[in-house]
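Below is one structure; the comments refer to it alone.
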Amino acid sequence: MNAATETLHFVRNEQVEAAPPPRLVRGPLAWMRENLFSSIPNALLTLATIYLLYVIVPPVLRFFILDAVWVGVDRDACRAETVGRPVGACWAFVADKINYFIYGSYPIPERWRVDVFFVLLAIGVAWMLWLNAPRRGLGAIYFFVVLPILSVLLLAGFKPLSLPPVQTSLWGGVLVTIVVSAVGIVFSLPFGVLLALGRRSKLPIVRLFSVVFIEFVRGVPLITVLFMANTMLPLFLSEGVTIDRLMRPLVGVALFASAYMAEVVRGGLQAMPKGQYEGAMALGLSYPRMMYFIILPQALRIVIPGIVNTFIGLFKDTTLVAIVGIFDLIRTIEASRVDPNWATPTTSLTGYAFAAVFYFLCCWGMSRYSLGVERRLAAGQKR
Amino acid sequence: MTTQRTAPSPGVTLKTETAVEMLGVHKWYGEFHVLRDINLKVQRGERIVICGPSGSGKSTMIRCINRLEEHQQGRIVVDGIELTNDLKRIDEIRRDVGMVFQHFNLFPHLTILENCTLAPIWVKKMPKKDAEEVAMKYLKRVKIPEQANKYPGQLSGGQQQRVAIARSLCMNPKIMLFDEPTSALDPEMVKEVLDTMVGLAEEGMTMLCVTHEMGFARQVADRVIFMDYGQIVEMNTPDEFFRNPQHERTKLFLSQILH
């Protein structure tokens, strides 16, 4: 070193061997110093966080796992007096009611049909979500055409296949939650795209219709839309025609989600450079082809986070259908927690905790999946 | 001579020897009068270079030819078809008129090969295999067949512009429009694109080219047009245009760009 700095002329004539870094550059100690205690405010924040974790984590762990009761047939299993120790979550209650939480009042001998529906849906979802899946075009047809028809026949009943009809008023629990959100998700994307294109259309009537629809639906709360779907939809139809009670909120949720989706998609369309339209037009592509091949694939890719955000919101909003008398998961939990057979101090908490875990896992899954897709698409083509 | 010139695709009758005709064309952007009384007749196989200061309307003029911009007065006849609001005619014209843009406008989510085959497959209804063969032929011609399966973002600017030229050629156009094709390129890439264009010109393609590459104009143009304030100010053979400009504004412009 010195030789190099002190003289004008320098030639290195021996190799500097690779040496291990000093202890404070790598390793857990260095990491902590750099990330947790790099300055006094940071050190204080770290200590505060550790204290908060200490306050929150142990009780949660105790409630969910350590003090939880896993087996039992009635309330005696979950009462501190009978058990002789503090009792956390009463999972025995959930285990006892799990069939009701999943199927609602769906007739017991017919519940296999719901199971088949879940399996068919899982196949469809996996086929659509797995980006390297074989024959994805076929998967799309299965998911958007075959699956809905099969599901209706299977769940509502189909005489020729000796599937006795099951009233939708008997459906409930996870089944209803999944059906409502699946219908919302499946319809909102294509309708949302159409509305977004309509809002940017050059045709004044189409544009006016789209704007009015989007602003109107977005301007009222979902509960209002559900009430209106429940009470007003029958008014529009001729007498004697009744719409199924489950169908009404389905329509309401689908319309509501479409309006939100339309605005998300419009954001993507607006981010597209004009040159992409011009490049496509100059090649003689017609408007539908230009949109389908050039604009929408890129625009939708930009707004994947927004789309998934809408899906997650929609999935959680389905709990609101309980208000118009549909027995979704939350409603079945509400109905079960007052069962005198399971009346304990922690029954309600356990029911809500179960719902929270269920919703969290579903939403977190969607979020992780979308992150994965974004990363993959980003790797596929650098701009 | 080229296939484009001597052997028009079957079913298409040669309606006229005039490729593009503009008669008294006017255009306004709101109150702003961008094109003022444009009269221009381009023969088949002719190479026209259009230059002029920025904002003079040269891009707007060639964009009117494939209706990326609408004109409000006058007539534009392309390949015997008059441009009106009839969408069918517009599509027909766009099929026969290729365009290369300043910013390439390649589709970043498609591979180079897909960029080139999309329009032939969906507009010309060509079978996929044939379209790929044609695409490879033109990619070879612009000397980048080895990039066929990459995405546009992985290519240099010059390569992207050559892909854009190949993409247009895949539609087997009768007329090519170039809108400042080298303006967005790094200096060392200008030549590769110009060479491709010179090759095209030598094969007899009808070309209208907005560019400031005066060397290119000297080498291939049949006529050079100078535009200013939305008008055609001067039009001449390149020799005369550069050696003996008539109009004051032309002289000023040339003195500014030819150092």
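In the structure tokens, chains take the letters A, B, ... in the order shown, each chain's residues start at 1, and ligands count up from 1 in the order shown.
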Ala262 (chain A) surroundings by only C-alpha atoms, 12 Å radius, close-in-sequence under 4 positions cut, as a PyMOL selection string: chain A and resi 187-200+210-211+213-215+217-218+254-258+266-269+300+303+306-307+310
Can you tell me, as a ChimeraX atom specification, which residues in region 13-250 of chain B count as strand (DSSP E or B) by DSSP? /B:18-29,32-43,47-51,73-78,81-82,97-100,175-179,206-210,223-228,231-236
Once you count only C-alpha atoms, which residues of chain A turn out to be within 12 Å of chain B? Could you give them as a PyMOL selection string? chain A and resi 272-290+292-302+377-383
Do you know which residues are at most 8 Å from region 185-195 of chain B counting only C-alpha atoms, after dropping those on the same chain fewer than 4 positions away, and could you put them as a ChimeraX atom specification? /B:157-158,161-162,181,199,216
Check region 36-165 of chain B with DSSP on the backbone and list each residue it calls alpha helix (DSSP H), as a ChimeraX atom specification. /B:58-65,87-96,112-122,128-141,157-165
Since we have the selection now, will you write its residues out, keeping C-alpha atoms, as a tab-separated table (two decimals), in the first residue's frame?
```tsv
chain	number	residue	atom	x	y	z
B	58	LYS	CA	-44.35	16.12	-41.85
B	59	SER	CA	-45.21	13.26	-39.47
B	60	THR	CA	-48.85	14.24	-39.50
B	61	MET	CA	-48.85	14.17	-43.27
B	62	ILE	CA	-47.56	10.62	-43.62
B	63	ARG	CA	-49.74	9.45	-40.73
B	64	CYS	CA	-52.75	10.63	-42.72
B	65	ILE	CA	-51.84	8.16	-45.44
B	87	LEU	CA	-63.60	1.26	-41.66
B	88	LYS	CA	-63.38	-1.51	-44.24
B	89	ARG	CA	-61.43	0.69	-46.62
B	90	ILE	CA	-59.16	1.86	-43.84
B	91	ASP	CA	-58.37	-1.75	-42.93
B	92	GLU	CA	-57.79	-2.54	-46.59
B	93	ILE	CA	-55.33	0.32	-46.91
B	94	ARG	CA	-53.52	-0.49	-43.67
B	95	ARG	CA	-52.99	-4.03	-44.91
B	96	ASP	CA	-51.09	-2.66	-47.91
B	112	ILE	CA	-39.68	-11.16	-32.12
B	113	LEU	CA	-41.15	-13.99	-34.16
B	114	GLU	CA	-44.62	-13.49	-32.68
B	115	ASN	CA	-44.36	-9.76	-33.38
B	116	CYS	CA	-43.77	-10.61	-37.02
B	117	THR	CA	-46.38	-13.34	-37.43
B	118	LEU	CA	-49.32	-11.81	-35.53
B	119	ALA	CA	-50.68	-9.62	-38.32
B	120	PRO	CA	-50.11	-12.10	-41.18
B	121	ILE	CA	-51.94	-14.79	-39.20
B	122	TRP	CA	-54.88	-12.70	-38.01
B	128	LYS	CA	-49.10	-20.19	-38.76
B	129	LYS	CA	-46.37	-22.24	-40.39
B	130	ASP	CA	-46.32	-20.14	-43.55
B	131	ALA	CA	-46.34	-16.95	-41.51
B	132	GLU	CA	-43.33	-18.15	-39.54
B	133	GLU	CA	-41.48	-19.00	-42.72
B	134	VAL	CA	-42.17	-15.56	-44.14
B	135	ALA	CA	-41.15	-13.95	-40.85
B	136	MET	CA	-37.85	-15.85	-40.78
B	137	LYS	CA	-37.21	-14.84	-44.37
B	138	TYR	CA	-37.53	-11.16	-43.51
B	139	LEU	CA	-35.69	-11.50	-40.21
B	140	LYS	CA	-32.80	-12.98	-42.21
B	141	ARG	CA	-33.06	-10.07	-44.56
B	157	GLY	CA	-32.43	-0.06	-30.42
B	158	GLY	CA	-31.04	-0.68	-33.89
B	159	GLN	CA	-32.03	-4.32	-33.76
B	160	GLN	CA	-35.51	-3.39	-32.58
B	161	GLN	CA	-35.96	-0.98	-35.44
B	162	ARG	CA	-34.85	-3.64	-37.92
B	163	VAL	CA	-37.40	-6.02	-36.38
B	164	ALA	CA	-40.03	-3.30	-36.84
B	165	ILE	CA	-39.09	-3.09	-40.52
```
Within 10 Å of Gln72 (chain B), counting only C-alpha atoms, which residues show up once you throw out same-chain ones fewer than 5 positions away? Write them as JSON, numbers by chain, please. {"B": [25, 26, 27, 28, 29, 35]}
Can I get the selected residues back with N, CA and C atoms, as a PDB file, in the first residue's frame?
```pdb
ATOM      1  N   VAL B  25     -55.266  18.663 -49.218  1.00  0.00           N
ATOM      2  CA  VAL B  25     -55.548  18.129 -47.884  1.00  0.00           C
ATOM      3  C   VAL B  25     -55.298  19.176 -46.804  1.00  0.00           C
ATOM      4  N   HIS B  26     -56.283  19.349 -45.950  1.00  0.00           N
ATOM      5  CA  HIS B  26     -56.153  20.231 -44.787  1.00  0.00           C
ATOM      6  C   HIS B  26     -56.438  19.427 -43.535  1.00  0.00           C
ATOM      7  N   LYS B  27     -55.780  19.809 -42.451  1.00  0.00           N
ATOM      8  CA  LYS B  27     -56.078  19.181 -41.165  1.00  0.00           C
ATOM      9  C   LYS B  27     -55.879  20.198 -40.055  1.00  0.00           C
ATOM     10  N   TRP B  28     -56.775  20.107 -39.070  1.00  0.00           N
ATOM     11  CA  TRP B  28     -56.665  20.976 -37.892  1.00  0.00           C
ATOM     12  C   TRP B  28     -56.619  20.118 -36.633  1.00  0.00           C
ATOM     13  N   TYR B  29     -55.799  20.546 -35.658  1.00  0.00           N
ATOM     14  CA  TYR B  29     -55.935  20.018 -34.292  1.00  0.00           C
ATOM     15  C   TYR B  29     -56.646  21.104 -33.517  1.00  0.00           C
ATOM     16  N   LEU B  35     -52.042  20.958 -41.275  1.00  0.00           N
ATOM     17  CA  LEU B  35     -51.733  20.674 -42.677  1.00  0.00           C
ATOM     18  C   LEU B  35     -52.503  21.658 -43.534  1.00  0.00           C
TER      19      LEU B  35
END
```
For the interface of region 156-223 of chain B with region 243-258 of chain B (cut-off 10 Å, counting only C-alpha atoms), please tabulate each contacting residue of region 156-223 of chain B alongside its nearest pair of atoms and their separation in Å to one decimal, rows sorted by chain and increasing number, as CSV.
```
residue,atom,partner,partner_atom,distance
B:His212,CA,B:Ile257,CA,8.2
B:Glu213,CA,B:Ile257,CA,9.6
B:Met214,CA,B:Leu258,CA,8.3
```
Residues as selected, all heavy atoms, written as an mmCIF file, in the first residue's frame, can you do that?
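Result file follows (part13.cif):
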```cif
data_model
loop_
_atom_site.group_PDB
_atom_site.id
_atom_site.type_symbol
_atom_site.label_atom_id
_atom_site.label_comp_id
_atom_site.auth_asym_id
_atom_site.auth_seq_id
_atom_site.Cartn_x
_atom_site.Cartn_y
_atom_site.Cartn_z
ATOM 1 N N HIS B 212 -34.126 13.098 -41.143
ATOM 2 C CA HIS B 212 -33.148 14.174 -41.270
ATOM 3 C C HIS B 212 -31.812 13.628 -41.753
ATOM 4 O O HIS B 212 -30.816 14.324 -41.717
ATOM 5 C CB HIS B 212 -32.979 14.905 -39.930
ATOM 6 C CG HIS B 212 -34.216 15.641 -39.541
ATOM 7 N ND1 HIS B 212 -34.694 15.681 -38.262
ATOM 8 C CD2 HIS B 212 -35.094 16.353 -40.295
ATOM 9 C CE1 HIS B 212 -35.807 16.386 -38.236
ATOM 10 N NE2 HIS B 212 -36.068 16.805 -39.455
ATOM 11 N N GLU B 213 -31.790 12.355 -42.154
ATOM 12 C CA GLU B 213 -30.564 11.753 -42.660
ATOM 13 C C GLU B 213 -30.370 12.190 -44.107
ATOM 14 O O GLU B 213 -30.887 11.574 -45.032
ATOM 15 C CB GLU B 213 -30.650 10.226 -42.566
ATOM 16 C CG GLU B 213 -30.736 9.701 -41.155
ATOM 17 C CD GLU B 213 -29.473 9.978 -40.352
ATOM 18 O OE1 GLU B 213 -28.394 10.131 -40.973
ATOM 19 O OE2 GLU B 213 -29.569 10.066 -39.120
ATOM 20 N N MET B 214 -29.648 13.293 -44.277
ATOM 21 C CA MET B 214 -29.537 13.857 -45.624
ATOM 22 C C MET B 214 -28.697 12.972 -46.540
ATOM 23 O O MET B 214 -28.889 12.938 -47.748
ATOM 24 C CB MET B 214 -28.947 15.268 -45.534
ATOM 25 C CG MET B 214 -29.928 16.232 -44.908
ATOM 26 S SD MET B 214 -31.483 16.209 -45.807
ATOM 27 C CE MET B 214 -32.676 16.178 -44.510
#
```
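CA of Pro221 (chain A) to CA of Val183 (chain A) spans 19.2 Å [interatomic distance, one decimal].
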Contacts of region 80-90 of chain A at 6 Å (only C-alpha atoms; same-chain gap of 6+ positions) as a PDB file with N, CA, C and O atoms, in the first residue's frame:
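So selection_34.pdb came out as:
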```pdb
ATOM      1  N   PHE A  63     -53.722 -19.027  23.787  1.00  0.00           N
ATOM      2  CA  PHE A  63     -55.123 -19.191  23.412  1.00  0.00           C
ATOM      3  C   PHE A  63     -55.273 -20.213  22.293  1.00  0.00           C
ATOM      4  O   PHE A  63     -56.085 -21.123  22.358  1.00  0.00           O
ATOM      5  N   PHE A  64     -54.456 -20.058  21.250  1.00  0.00           N
ATOM      6  CA  PHE A  64     -54.661 -20.890  20.058  1.00  0.00           C
ATOM      7  C   PHE A  64     -54.184 -22.326  20.268  1.00  0.00           C
ATOM      8  O   PHE A  64     -54.771 -23.257  19.753  1.00  0.00           O
ATOM      9  N   ASP A  67     -53.348 -23.635  25.629  1.00  0.00           N
ATOM     10  CA  ASP A  67     -54.499 -23.868  26.502  1.00  0.00           C
ATOM     11  C   ASP A  67     -55.703 -24.398  25.746  1.00  0.00           C
ATOM     12  O   ASP A  67     -56.781 -24.553  26.319  1.00  0.00           O
ATOM     13  N   ALA A  68     -55.546 -24.635  24.449  1.00  0.00           N
ATOM     14  CA  ALA A  68     -56.704 -25.018  23.639  1.00  0.00           C
ATOM     15  C   ALA A  68     -57.162 -26.434  23.985  1.00  0.00           C
ATOM     16  O   ALA A  68     -56.377 -27.270  24.435  1.00  0.00           O
ATOM     17  N   VAL A  69     -58.465 -26.657  23.787  1.00  0.00           N
ATOM     18  CA  VAL A  69     -59.034 -27.994  23.983  1.00  0.00           C
ATOM     19  C   VAL A  69     -59.295 -28.583  22.602  1.00  0.00           C
ATOM     20  O   VAL A  69     -59.941 -27.947  21.773  1.00  0.00           O
ATOM     21  N   THR A 350     -63.716 -18.699  19.811  1.00  0.00           N
ATOM     22  CA  THR A 350     -63.187 -19.787  18.996  1.00  0.00           C
ATOM     23  C   THR A 350     -63.790 -19.759  17.595  1.00  0.00           C
ATOM     24  O   THR A 350     -63.081 -19.900  16.592  1.00  0.00           O
TER      25      THR A 350
END
```
Hey, what's within 7 Å of region 76-84 of chain B if we count only C-alpha atoms and toss same-chain stuff fewer than 2 positions away? As a ChimeraX atom specification, please? /B:15-16,18-23,74,86,89-90,93
Can you pull out the residues contacting Tyr100 (chain A)? Cut-off 9 Å, using only C-alpha atoms, and skip same-chain residues under 2 positions away; I want them as a ChimeraX atom specification. /A:96-98,102-106,172-173,332-333,336
